[in-house]
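Structure record follows, encoded as structure tokens.
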Amino acid sequence: MTDSLFFDTDCISAFLWVRNESLLPQLYPGRIVIPRPVYDELSNPRIAHLKVRIDALVSAGQAEIVDIIVGTEEYNMFYKLTVEPDKGQKLIGKGEAASIALAKENGGIVASNNLRDIGDYVEEFQLKHITTGEILVDAYNKGLITEVDGNTIWASMLAKRRKLGAASFSDFLKC
């Protein structure tokens, strides 16, 4: 699972909400991992349409759901991040913690927009990290979307209250 992308709920749902998850397997074939806690969050009956979209990716072999097994290093880290953080560290959500624990133990990449909550852990564990904006830049650079497409997707994500760090895709490209 080296170089797999371990998505947290916010990052994967940004694509699911705007029905652009098909970009992900085009960009990262065989590398999309949904930690079980993220899948569980997306299984909420109020957002059943998001679970259907994840299930379609999994059924097509374009994404994999991975469990965190009790007694493993992943579990120990997951527990630490969600229940008993070290002194001075903050508690984080299960989706973010699962993404971090799995990425660290498998040499993967954390896919998350929530730098405020996970930034210290990404730095401490020297993890590779990617955001929704950077994924869209990858799609742009590979010719999968135009700048106009990127701005349309970006605006749709903002309309779904996704926090992306810039007012538009064009603004993000300038950073």
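We name chains A, B, ... following the order of the structure tokens; residues begin at 1 in each chain, and ligands are numbered from 1 as shown.
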For region 97-106 of chain A, list every protein, DNA or RNA residue within 8 Å, evaluated using only C-alpha atoms, and leave out those in the same chain fewer than 6 positions away; present the list as a short mmCIF file (atom, residue, chain, number, x, y, z; two decimals) with N, CA and C atoms, in the first residue's frame.
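The resulting file, out.cif, is shown below:
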```
data_model
loop_
_atom_site.label_atom_id
_atom_site.label_comp_id
_atom_site.auth_asym_id
_atom_site.auth_seq_id
_atom_site.Cartn_x
_atom_site.Cartn_y
_atom_site.Cartn_z
N MET A 1 0.82 -1.21 0.00
CA MET A 1 0.00 0.00 0.00
C MET A 1 0.85 1.26 0.00
N THR A 2 2.12 1.09 -0.28
CA THR A 2 3.01 2.24 -0.36
C THR A 2 2.49 3.19 -1.43
N SER A 4 -0.25 4.66 -1.48
CA SER A 4 -1.70 4.73 -1.54
C SER A 4 -2.16 6.02 -0.87
N LEU A 5 -3.31 6.51 -1.30
CA LEU A 5 -3.91 7.69 -0.68
C LEU A 5 -4.95 7.23 0.31
N PHE A 6 -4.77 7.60 1.56
CA PHE A 6 -5.68 7.24 2.64
C PHE A 6 -6.57 8.46 2.91
N PHE A 7 -7.80 8.39 2.44
CA PHE A 7 -8.71 9.53 2.48
C PHE A 7 -9.41 9.65 3.82
N ASP A 8 -9.49 10.90 4.32
CA ASP A 8 -10.38 11.14 5.45
C ASP A 8 -11.75 11.51 4.88
N PRO A 35 -10.40 4.26 4.78
CA PRO A 35 -10.37 3.58 6.07
C PRO A 35 -11.79 3.27 6.55
N ARG A 36 -11.97 2.15 7.22
CA ARG A 36 -13.30 1.75 7.69
C ARG A 36 -14.01 2.85 8.48
N PRO A 37 -13.33 3.58 9.38
CA PRO A 37 -14.05 4.65 10.09
C PRO A 37 -14.59 5.73 9.14
N VAL A 38 -13.90 5.99 8.05
CA VAL A 38 -14.39 6.95 7.06
C VAL A 38 -15.62 6.38 6.37
N ILE A 68 -9.01 -1.31 10.51
CA ILE A 68 -7.92 -1.17 11.48
C ILE A 68 -8.14 -2.28 12.51
N GLU A 73 -0.14 -1.99 15.02
CA GLU A 73 0.42 -0.64 15.20
C GLU A 73 -0.57 0.43 14.74
N GLU A 74 -1.30 0.13 13.66
CA GLU A 74 -2.32 1.09 13.18
C GLU A 74 -3.35 1.35 14.27
N TYR A 75 -3.80 0.28 14.92
CA TYR A 75 -4.81 0.43 15.96
C TYR A 75 -4.26 1.23 17.14
N MET A 77 -1.96 3.48 17.19
CA MET A 77 -1.88 4.89 16.85
C MET A 77 -3.29 5.50 16.76
N PHE A 78 -4.22 4.79 16.13
CA PHE A 78 -5.60 5.25 16.00
C PHE A 78 -6.18 5.55 17.38
N LEU A 81 -4.65 8.67 18.96
CA LEU A 81 -5.10 9.92 18.36
C LEU A 81 -6.56 10.25 18.66
N THR A 82 -7.37 9.22 18.91
CA THR A 82 -8.81 9.45 19.12
C THR A 82 -9.25 9.37 20.58
N TYR A 121 0.38 16.33 13.43
CA TYR A 121 0.66 14.90 13.29
C TYR A 121 1.34 14.59 11.96
N VAL A 122 0.93 15.26 10.90
CA VAL A 122 1.58 15.07 9.60
C VAL A 122 3.06 15.42 9.72
N PHE A 125 4.98 12.85 12.26
CA PHE A 125 5.21 11.52 11.69
C PHE A 125 5.84 11.57 10.30
N LEU A 127 4.71 12.58 7.40
CA LEU A 127 3.84 11.95 6.42
C LEU A 127 3.71 12.80 5.15
#
```
Quick one: residues within 12 Å of Ala14 (chain A), only C-alpha atoms counted, chain neighbours fewer than 2 positions away excluded, as an mmCIF file with all heavy atoms, in the first residue's frame?
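Resulting contents of selection19.cif:
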```
data_model
loop_
_atom_site.group_PDB
_atom_site.id
_atom_site.type_symbol
_atom_site.label_atom_id
_atom_site.label_comp_id
_atom_site.auth_asym_id
_atom_site.auth_seq_id
_atom_site.Cartn_x
_atom_site.Cartn_y
_atom_site.Cartn_z
ATOM 1 N N PHE A 7 -7.802 8.389 2.438
ATOM 2 C CA PHE A 7 -8.707 9.530 2.483
ATOM 3 C C PHE A 7 -9.407 9.655 3.822
ATOM 4 O O PHE A 7 -9.897 8.668 4.371
ATOM 5 C CB PHE A 7 -9.780 9.389 1.395
ATOM 6 C CG PHE A 7 -9.292 9.751 0.028
ATOM 7 C CD1 PHE A 7 -8.643 8.825 -0.762
ATOM 8 C CD2 PHE A 7 -9.474 11.032 -0.463
ATOM 9 C CE1 PHE A 7 -8.182 9.144 -2.022
ATOM 10 C CE2 PHE A 7 -9.018 11.375 -1.723
ATOM 11 C CZ PHE A 7 -8.368 10.437 -2.504
ATOM 12 N N ASP A 8 -9.493 10.896 4.319
ATOM 13 C CA ASP A 8 -10.378 11.140 5.449
ATOM 14 C C ASP A 8 -11.749 11.510 4.884
ATOM 15 O O ASP A 8 -11.929 11.638 3.660
ATOM 16 C CB ASP A 8 -9.808 12.177 6.421
ATOM 17 C CG ASP A 8 -9.845 13.621 5.939
ATOM 18 O OD1 ASP A 8 -10.388 13.910 4.854
ATOM 19 O OD2 ASP A 8 -9.319 14.483 6.665
ATOM 20 N N THR A 9 -12.712 11.650 5.754
ATOM 21 C CA THR A 9 -14.091 11.855 5.322
ATOM 22 C C THR A 9 -14.266 13.148 4.540
ATOM 23 O O THR A 9 -14.923 13.167 3.491
ATOM 24 C CB THR A 9 -15.033 11.835 6.541
ATOM 25 O OG1 THR A 9 -14.805 10.622 7.269
ATOM 26 C CG2 THR A 9 -16.493 11.909 6.115
ATOM 27 N N ASP A 10 -13.682 14.219 5.017
ATOM 28 C CA ASP A 10 -13.871 15.506 4.365
ATOM 29 C C ASP A 10 -13.302 15.517 2.946
ATOM 30 O O ASP A 10 -13.942 16.017 2.019
ATOM 31 C CB ASP A 10 -13.231 16.621 5.200
ATOM 32 C CG ASP A 10 -13.495 17.993 4.611
ATOM 33 O OD1 ASP A 10 -14.675 18.338 4.441
ATOM 34 O OD2 ASP A 10 -12.530 18.699 4.299
ATOM 35 N N CYS A 11 -12.139 14.960 2.778
ATOM 36 C CA CYS A 11 -11.495 14.992 1.465
ATOM 37 C C CYS A 11 -12.261 14.147 0.443
ATOM 38 O O CYS A 11 -12.571 14.615 -0.650
ATOM 39 C CB CYS A 11 -10.042 14.534 1.572
ATOM 40 S SG CYS A 11 -9.073 14.819 0.075
ATOM 41 N N ILE A 12 -12.599 12.915 0.786
ATOM 42 C CA ILE A 12 -13.316 12.070 -0.176
ATOM 43 C C ILE A 12 -14.720 12.614 -0.419
ATOM 44 O O ILE A 12 -15.211 12.598 -1.545
ATOM 45 C CB ILE A 12 -13.340 10.577 0.259
ATOM 46 C CG1 ILE A 12 -13.834 9.681 -0.882
ATOM 47 C CG2 ILE A 12 -14.197 10.359 1.500
ATOM 48 C CD1 ILE A 12 -12.902 9.529 -2.024
ATOM 49 N N LEU A 16 -17.303 13.356 -3.643
ATOM 50 C CA LEU A 16 -18.579 12.646 -3.700
ATOM 51 C C LEU A 16 -19.764 13.611 -3.795
ATOM 52 O O LEU A 16 -20.688 13.389 -4.579
ATOM 53 C CB LEU A 16 -18.747 11.755 -2.460
ATOM 54 C CG LEU A 16 -17.738 10.626 -2.291
ATOM 55 C CD1 LEU A 16 -17.878 9.994 -0.906
ATOM 56 C CD2 LEU A 16 -17.906 9.583 -3.380
ATOM 57 N N TRP A 17 -19.729 14.690 -3.004
ATOM 58 C CA TRP A 17 -20.836 15.654 -2.992
ATOM 59 C C TRP A 17 -21.072 16.273 -4.360
ATOM 60 O O TRP A 17 -22.205 16.579 -4.721
ATOM 61 C CB TRP A 17 -20.575 16.769 -1.978
ATOM 62 C CG TRP A 17 -21.006 16.448 -0.585
ATOM 63 C CD1 TRP A 17 -20.200 16.192 0.483
ATOM 64 C CD2 TRP A 17 -22.346 16.349 -0.091
ATOM 65 N NE1 TRP A 17 -20.952 15.937 1.597
ATOM 66 C CE2 TRP A 17 -22.269 16.041 1.277
ATOM 67 C CE3 TRP A 17 -23.604 16.512 -0.676
ATOM 68 C CZ2 TRP A 17 -23.409 15.878 2.074
ATOM 69 C CZ3 TRP A 17 -24.735 16.344 0.123
ATOM 70 C CH2 TRP A 17 -24.620 16.028 1.482
ATOM 71 N N VAL A 18 -20.008 16.479 -5.116
ATOM 72 C CA VAL A 18 -20.153 17.152 -6.419
ATOM 73 C C VAL A 18 -20.077 16.170 -7.592
ATOM 74 O O VAL A 18 -19.963 16.573 -8.743
ATOM 75 C CB VAL A 18 -19.132 18.304 -6.577
ATOM 76 C CG1 VAL A 18 -19.322 19.347 -5.473
ATOM 77 C CG2 VAL A 18 -17.696 17.805 -6.597
ATOM 78 N N ARG A 19 -20.125 14.892 -7.259
ATOM 79 C CA ARG A 19 -20.155 13.824 -8.263
ATOM 80 C C ARG A 19 -18.953 13.847 -9.206
ATOM 81 O O ARG A 19 -19.075 13.630 -10.402
ATOM 82 C CB ARG A 19 -21.462 13.869 -9.045
ATOM 83 C CG ARG A 19 -22.640 13.678 -8.134
ATOM 84 C CD ARG A 19 -23.926 13.703 -8.831
ATOM 85 N NE ARG A 19 -24.948 13.384 -7.820
ATOM 86 C CZ ARG A 19 -26.217 13.386 -8.069
ATOM 87 N NH1 ARG A 19 -26.660 13.661 -9.252
ATOM 88 N NH2 ARG A 19 -27.065 13.090 -7.110
ATOM 89 N N ASN A 20 -17.783 14.098 -8.629
ATOM 90 C CA ASN A 20 -16.538 14.082 -9.398
ATOM 91 C C ASN A 20 -15.527 13.086 -8.850
ATOM 92 O O ASN A 20 -14.326 13.218 -9.091
ATOM 93 C CB ASN A 20 -15.923 15.483 -9.454
ATOM 94 C CG ASN A 20 -16.583 16.354 -10.471
ATOM 95 O OD1 ASN A 20 -17.339 17.253 -10.130
ATOM 96 N ND2 ASN A 20 -16.336 16.088 -11.746
ATOM 97 N N GLU A 21 -16.022 12.076 -8.153
ATOM 98 C CA GLU A 21 -15.113 11.055 -7.616
ATOM 99 C C GLU A 21 -14.443 10.256 -8.715
ATOM 100 O O GLU A 21 -13.409 9.634 -8.494
ATOM 101 C CB GLU A 21 -15.830 10.135 -6.628
ATOM 102 C CG GLU A 21 -16.856 9.218 -7.229
ATOM 103 C CD GLU A 21 -18.241 9.832 -7.411
ATOM 104 O OE1 GLU A 21 -18.431 11.038 -7.159
ATOM 105 O OE2 GLU A 21 -19.144 9.089 -7.813
ATOM 106 N N LEU A 23 -12.665 11.296 -10.976
ATOM 107 C CA LEU A 23 -11.314 11.819 -11.195
ATOM 108 C C LEU A 23 -10.271 11.013 -10.418
ATOM 109 O O LEU A 23 -9.144 10.842 -10.878
ATOM 110 C CB LEU A 23 -11.216 13.284 -10.762
ATOM 111 C CG LEU A 23 -11.881 14.327 -11.638
ATOM 112 C CD1 LEU A 23 -11.848 15.693 -10.954
ATOM 113 C CD2 LEU A 23 -11.213 14.381 -13.003
ATOM 114 N N LEU A 24 -10.661 10.534 -9.252
ATOM 115 C CA LEU A 24 -9.691 9.900 -8.348
ATOM 116 C C LEU A 24 -9.057 8.644 -8.935
ATOM 117 O O LEU A 24 -7.826 8.536 -8.945
ATOM 118 C CB LEU A 24 -10.334 9.644 -6.987
ATOM 119 C CG LEU A 24 -10.856 10.908 -6.284
ATOM 120 C CD1 LEU A 24 -11.599 10.548 -5.010
ATOM 121 C CD2 LEU A 24 -9.737 11.890 -6.014
ATOM 122 N N LEU A 42 -19.528 7.776 6.275
ATOM 123 C CA LEU A 42 -20.267 7.979 5.029
ATOM 124 C C LEU A 42 -21.488 7.055 4.926
ATOM 125 O O LEU A 42 -22.275 7.190 3.994
ATOM 126 C CB LEU A 42 -19.351 7.765 3.829
ATOM 127 C CG LEU A 42 -18.225 8.795 3.693
ATOM 128 C CD1 LEU A 42 -17.244 8.371 2.620
ATOM 129 C CD2 LEU A 42 -18.784 10.180 3.412
ATOM 130 N N LEU A 50 -23.957 9.326 -0.671
ATOM 131 C CA LEU A 50 -22.491 9.316 -0.664
ATOM 132 C C LEU A 50 -21.973 7.890 -0.507
ATOM 133 O O LEU A 50 -21.003 7.497 -1.167
ATOM 134 C CB LEU A 50 -21.933 10.212 0.439
ATOM 135 C CG LEU A 50 -22.289 11.699 0.356
ATOM 136 C CD1 LEU A 50 -21.583 12.467 1.469
ATOM 137 C CD2 LEU A 50 -21.961 12.292 -0.998
ATOM 138 N N ALA A 111 -4.799 11.949 2.645
ATOM 139 C CA ALA A 111 -5.615 12.848 1.824
ATOM 140 C C ALA A 111 -6.619 13.526 2.743
ATOM 141 O O ALA A 111 -7.581 12.903 3.191
ATOM 142 C CB ALA A 111 -6.318 12.070 0.715
ATOM 143 N N SER A 112 -6.354 14.793 3.053
ATOM 144 C CA SER A 112 -7.178 15.523 4.019
ATOM 145 C C SER A 112 -7.064 17.015 3.776
ATOM 146 O O SER A 112 -5.996 17.513 3.412
ATOM 147 C CB SER A 112 -6.711 15.205 5.445
ATOM 148 O OG SER A 112 -7.420 15.972 6.396
ATOM 149 N N ASN A 113 -8.151 17.710 4.026
ATOM 150 C CA ASN A 113 -8.150 19.174 3.958
ATOM 151 C C ASN A 113 -7.975 19.795 5.332
ATOM 152 O O ASN A 113 -7.811 20.999 5.440
ATOM 153 C CB ASN A 113 -9.485 19.674 3.377
ATOM 154 C CG ASN A 113 -9.717 19.172 1.988
ATOM 155 O OD1 ASN A 113 -8.781 18.962 1.230
ATOM 156 N ND2 ASN A 113 -10.968 18.968 1.641
ATOM 157 N N THR A 131 -4.176 17.610 -0.406
ATOM 158 C CA THR A 131 -5.496 18.191 -0.159
ATOM 159 C C THR A 131 -6.370 18.059 -1.404
ATOM 160 O O THR A 131 -5.878 17.732 -2.492
ATOM 161 C CB THR A 131 -5.381 19.684 0.194
ATOM 162 O OG1 THR A 131 -4.869 20.381 -0.955
ATOM 163 C CG2 THR A 131 -4.489 19.923 1.407
ATOM 164 N N THR A 132 -7.635 18.368 -1.239
ATOM 165 C CA THR A 132 -8.554 18.386 -2.376
ATOM 166 C C THR A 132 -8.044 19.325 -3.462
ATOM 167 O O THR A 132 -8.065 18.981 -4.648
ATOM 168 C CB THR A 132 -9.959 18.807 -1.908
ATOM 169 O OG1 THR A 132 -10.446 17.826 -0.994
ATOM 170 C CG2 THR A 132 -10.924 18.957 -3.061
ATOM 171 N N GLY A 133 -7.568 20.495 -3.057
ATOM 172 C CA GLY A 133 -7.037 21.450 -4.034
ATOM 173 C C GLY A 133 -5.871 20.883 -4.816
ATOM 174 O O GLY A 133 -5.795 21.025 -6.042
ATOM 175 N N ILE A 135 -5.260 17.740 -5.356
ATOM 176 C CA ILE A 135 -5.784 16.681 -6.230
ATOM 177 C C ILE A 135 -6.347 17.300 -7.504
ATOM 178 O O ILE A 135 -6.093 16.817 -8.614
ATOM 179 C CB ILE A 135 -6.841 15.837 -5.495
ATOM 180 C CG1 ILE A 135 -6.168 15.021 -4.379
ATOM 181 C CG2 ILE A 135 -7.590 14.920 -6.471
ATOM 182 C CD1 ILE A 135 -7.133 14.356 -3.404
ATOM 183 N N LEU A 136 -7.073 18.399 -7.360
ATOM 184 C CA LEU A 136 -7.608 19.079 -8.546
ATOM 185 C C LEU A 136 -6.480 19.644 -9.416
ATOM 186 O O LEU A 136 -6.573 19.620 -10.647
ATOM 187 C CB LEU A 136 -8.596 20.172 -8.150
ATOM 188 C CG LEU A 136 -9.943 19.671 -7.621
ATOM 189 C CD1 LEU A 136 -10.785 20.826 -7.106
ATOM 190 C CD2 LEU A 136 -10.687 18.885 -8.692
ATOM 191 N N ILE A 153 -15.968 22.920 -10.489
ATOM 192 C CA ILE A 153 -15.916 21.912 -9.424
ATOM 193 C C ILE A 153 -15.687 22.592 -8.079
ATOM 194 O O ILE A 153 -16.350 22.291 -7.076
ATOM 195 C CB ILE A 153 -14.813 20.863 -9.714
ATOM 196 C CG1 ILE A 153 -15.164 20.055 -10.959
ATOM 197 C CG2 ILE A 153 -14.583 19.953 -8.507
ATOM 198 C CD1 ILE A 153 -14.000 19.222 -11.515
ATOM 199 N N TRP A 154 -14.750 23.533 -8.049
ATOM 200 C CA TRP A 154 -14.396 24.259 -6.819
ATOM 201 C C TRP A 154 -15.617 24.984 -6.262
ATOM 202 O O TRP A 154 -15.909 24.879 -5.065
ATOM 203 C CB TRP A 154 -13.289 25.254 -7.145
ATOM 204 C CG TRP A 154 -12.541 25.794 -5.974
ATOM 205 C CD1 TRP A 154 -12.888 26.865 -5.196
ATOM 206 C CD2 TRP A 154 -11.298 25.319 -5.462
ATOM 207 N NE1 TRP A 154 -11.946 27.081 -4.232
ATOM 208 C CE2 TRP A 154 -10.952 26.143 -4.382
ATOM 209 C CE3 TRP A 154 -10.449 24.290 -5.822
ATOM 210 C CZ2 TRP A 154 -9.790 25.967 -3.645
ATOM 211 C CZ3 TRP A 154 -9.284 24.121 -5.088
ATOM 212 C CH2 TRP A 154 -8.966 24.944 -4.017
ATOM 213 N N ALA A 155 -16.333 25.689 -7.136
ATOM 214 C CA ALA A 155 -17.524 26.431 -6.702
ATOM 215 C C ALA A 155 -18.586 25.470 -6.161
ATOM 216 O O ALA A 155 -19.248 25.770 -5.152
ATOM 217 C CB ALA A 155 -18.079 27.252 -7.855
ATOM 218 N N SER A 156 -18.734 24.324 -6.797
ATOM 219 C CA SER A 156 -19.701 23.328 -6.317
ATOM 220 C C SER A 156 -19.299 22.797 -4.950
ATOM 221 O O SER A 156 -20.146 22.593 -4.080
ATOM 222 C CB SER A 156 -19.810 22.169 -7.305
ATOM 223 O OG SER A 156 -20.317 22.600 -8.534
ATOM 224 N N MET A 157 -18.005 22.564 -4.758
ATOM 225 C CA MET A 157 -17.521 22.095 -3.464
ATOM 226 C C MET A 157 -17.744 23.154 -2.388
ATOM 227 O O MET A 157 -18.176 22.834 -1.269
ATOM 228 C CB MET A 157 -16.047 21.705 -3.543
ATOM 229 C CG MET A 157 -15.796 20.432 -4.308
ATOM 230 S SD MET A 157 -14.007 20.086 -4.432
ATOM 231 C CE MET A 157 -14.019 18.464 -5.195
ATOM 232 N N LEU A 158 -17.461 24.405 -2.707
ATOM 233 C CA LEU A 158 -17.701 25.480 -1.747
ATOM 234 C C LEU A 158 -19.182 25.579 -1.399
ATOM 235 O O LEU A 158 -19.543 25.821 -0.247
ATOM 236 C CB LEU A 158 -17.190 26.816 -2.286
ATOM 237 C CG LEU A 158 -15.674 26.989 -2.370
ATOM 238 C CD1 LEU A 158 -15.330 28.332 -3.008
ATOM 239 C CD2 LEU A 158 -15.013 26.861 -1.004
ATOM 240 N N ALA A 159 -20.038 25.386 -2.395
ATOM 241 C CA ALA A 159 -21.482 25.432 -2.163
ATOM 242 C C ALA A 159 -21.927 24.317 -1.218
ATOM 243 O O ALA A 159 -22.940 24.455 -0.521
ATOM 244 C CB ALA A 159 -22.239 25.341 -3.484
ATOM 245 N N LYS A 160 -21.172 23.227 -1.175
ATOM 246 C CA LYS A 160 -21.451 22.115 -0.255
ATOM 247 C C LYS A 160 -20.670 22.275 1.052
ATOM 248 O O LYS A 160 -20.495 21.328 1.808
ATOM 249 C CB LYS A 160 -21.120 20.775 -0.916
ATOM 250 C CG LYS A 160 -22.067 20.416 -2.035
ATOM 251 C CD LYS A 160 -23.456 20.187 -1.501
ATOM 252 C CE LYS A 160 -24.403 19.753 -2.581
ATOM 253 N NZ LYS A 160 -25.748 19.533 -2.049
ATOM 254 N N ARG A 161 -20.198 23.485 1.284
ATOM 255 C CA ARG A 161 -19.494 23.871 2.520
ATOM 256 C C ARG A 161 -18.187 23.119 2.752
ATOM 257 O O ARG A 161 -17.798 22.842 3.885
ATOM 258 C CB ARG A 161 -20.414 23.758 3.724
ATOM 259 C CG ARG A 161 -21.566 24.740 3.679
ATOM 260 C CD ARG A 161 -22.359 24.689 4.932
ATOM 261 N NE ARG A 161 -22.981 23.384 5.077
ATOM 262 C CZ ARG A 161 -24.285 23.179 5.146
ATOM 263 N NH1 ARG A 161 -25.093 24.181 5.114
ATOM 264 N NH2 ARG A 161 -24.764 21.971 5.271
ATOM 265 N N ARG A 162 -17.500 22.779 1.677
ATOM 266 C CA ARG A 162 -16.171 22.198 1.791
ATOM 267 C C ARG A 162 -15.200 23.353 1.982
ATOM 268 O O ARG A 162 -15.308 24.380 1.308
ATOM 269 C CB ARG A 162 -15.768 21.411 0.540
ATOM 270 C CG ARG A 162 -16.710 20.315 0.116
ATOM 271 C CD ARG A 162 -16.818 19.180 1.114
ATOM 272 N NE ARG A 162 -18.010 19.370 1.937
ATOM 273 C CZ ARG A 162 -18.286 18.704 3.044
ATOM 274 N NH1 ARG A 162 -17.461 17.820 3.512
ATOM 275 N NH2 ARG A 162 -19.377 18.928 3.704
ATOM 276 N N LYS A 163 -14.243 23.198 2.866
ATOM 277 C CA LYS A 163 -13.229 24.228 3.115
ATOM 278 C C LYS A 163 -12.010 23.896 2.281
ATOM 279 O O LYS A 163 -11.355 22.883 2.497
ATOM 280 C CB LYS A 163 -12.891 24.279 4.597
ATOM 281 C CG LYS A 163 -14.064 24.749 5.414
ATOM 282 C CD LYS A 163 -13.768 24.757 6.881
ATOM 283 C CE LYS A 163 -15.005 25.217 7.623
ATOM 284 N NZ LYS A 163 -15.048 24.779 8.983
ATOM 285 N N LEU A 164 -11.706 24.772 1.316
ATOM 286 C CA LEU A 164 -10.660 24.466 0.345
ATOM 287 C C LEU A 164 -9.459 25.403 0.402
ATOM 288 O O LEU A 164 -8.465 25.158 -0.263
ATOM 289 C CB LEU A 164 -11.262 24.481 -1.069
ATOM 290 C CG LEU A 164 -12.428 23.514 -1.284
ATOM 291 C CD1 LEU A 164 -13.022 23.698 -2.665
ATOM 292 C CD2 LEU A 164 -11.978 22.080 -1.081
#
```
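Remark: for Ser43 (chain A), the closest of the candidate residues A:Val70, A:Asp120, A:Phe172, A:Ser13 is A:Ser13 (distances computed over only C-alpha atoms).
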Note to self: What parts of region 59-136 of chain A does DSSP call helix (DSSP H, G or I)? I'd like the answer as a ChimeraX atom specification.
What the structure shows: /A:59,73-82,94-106,115-124,132-136
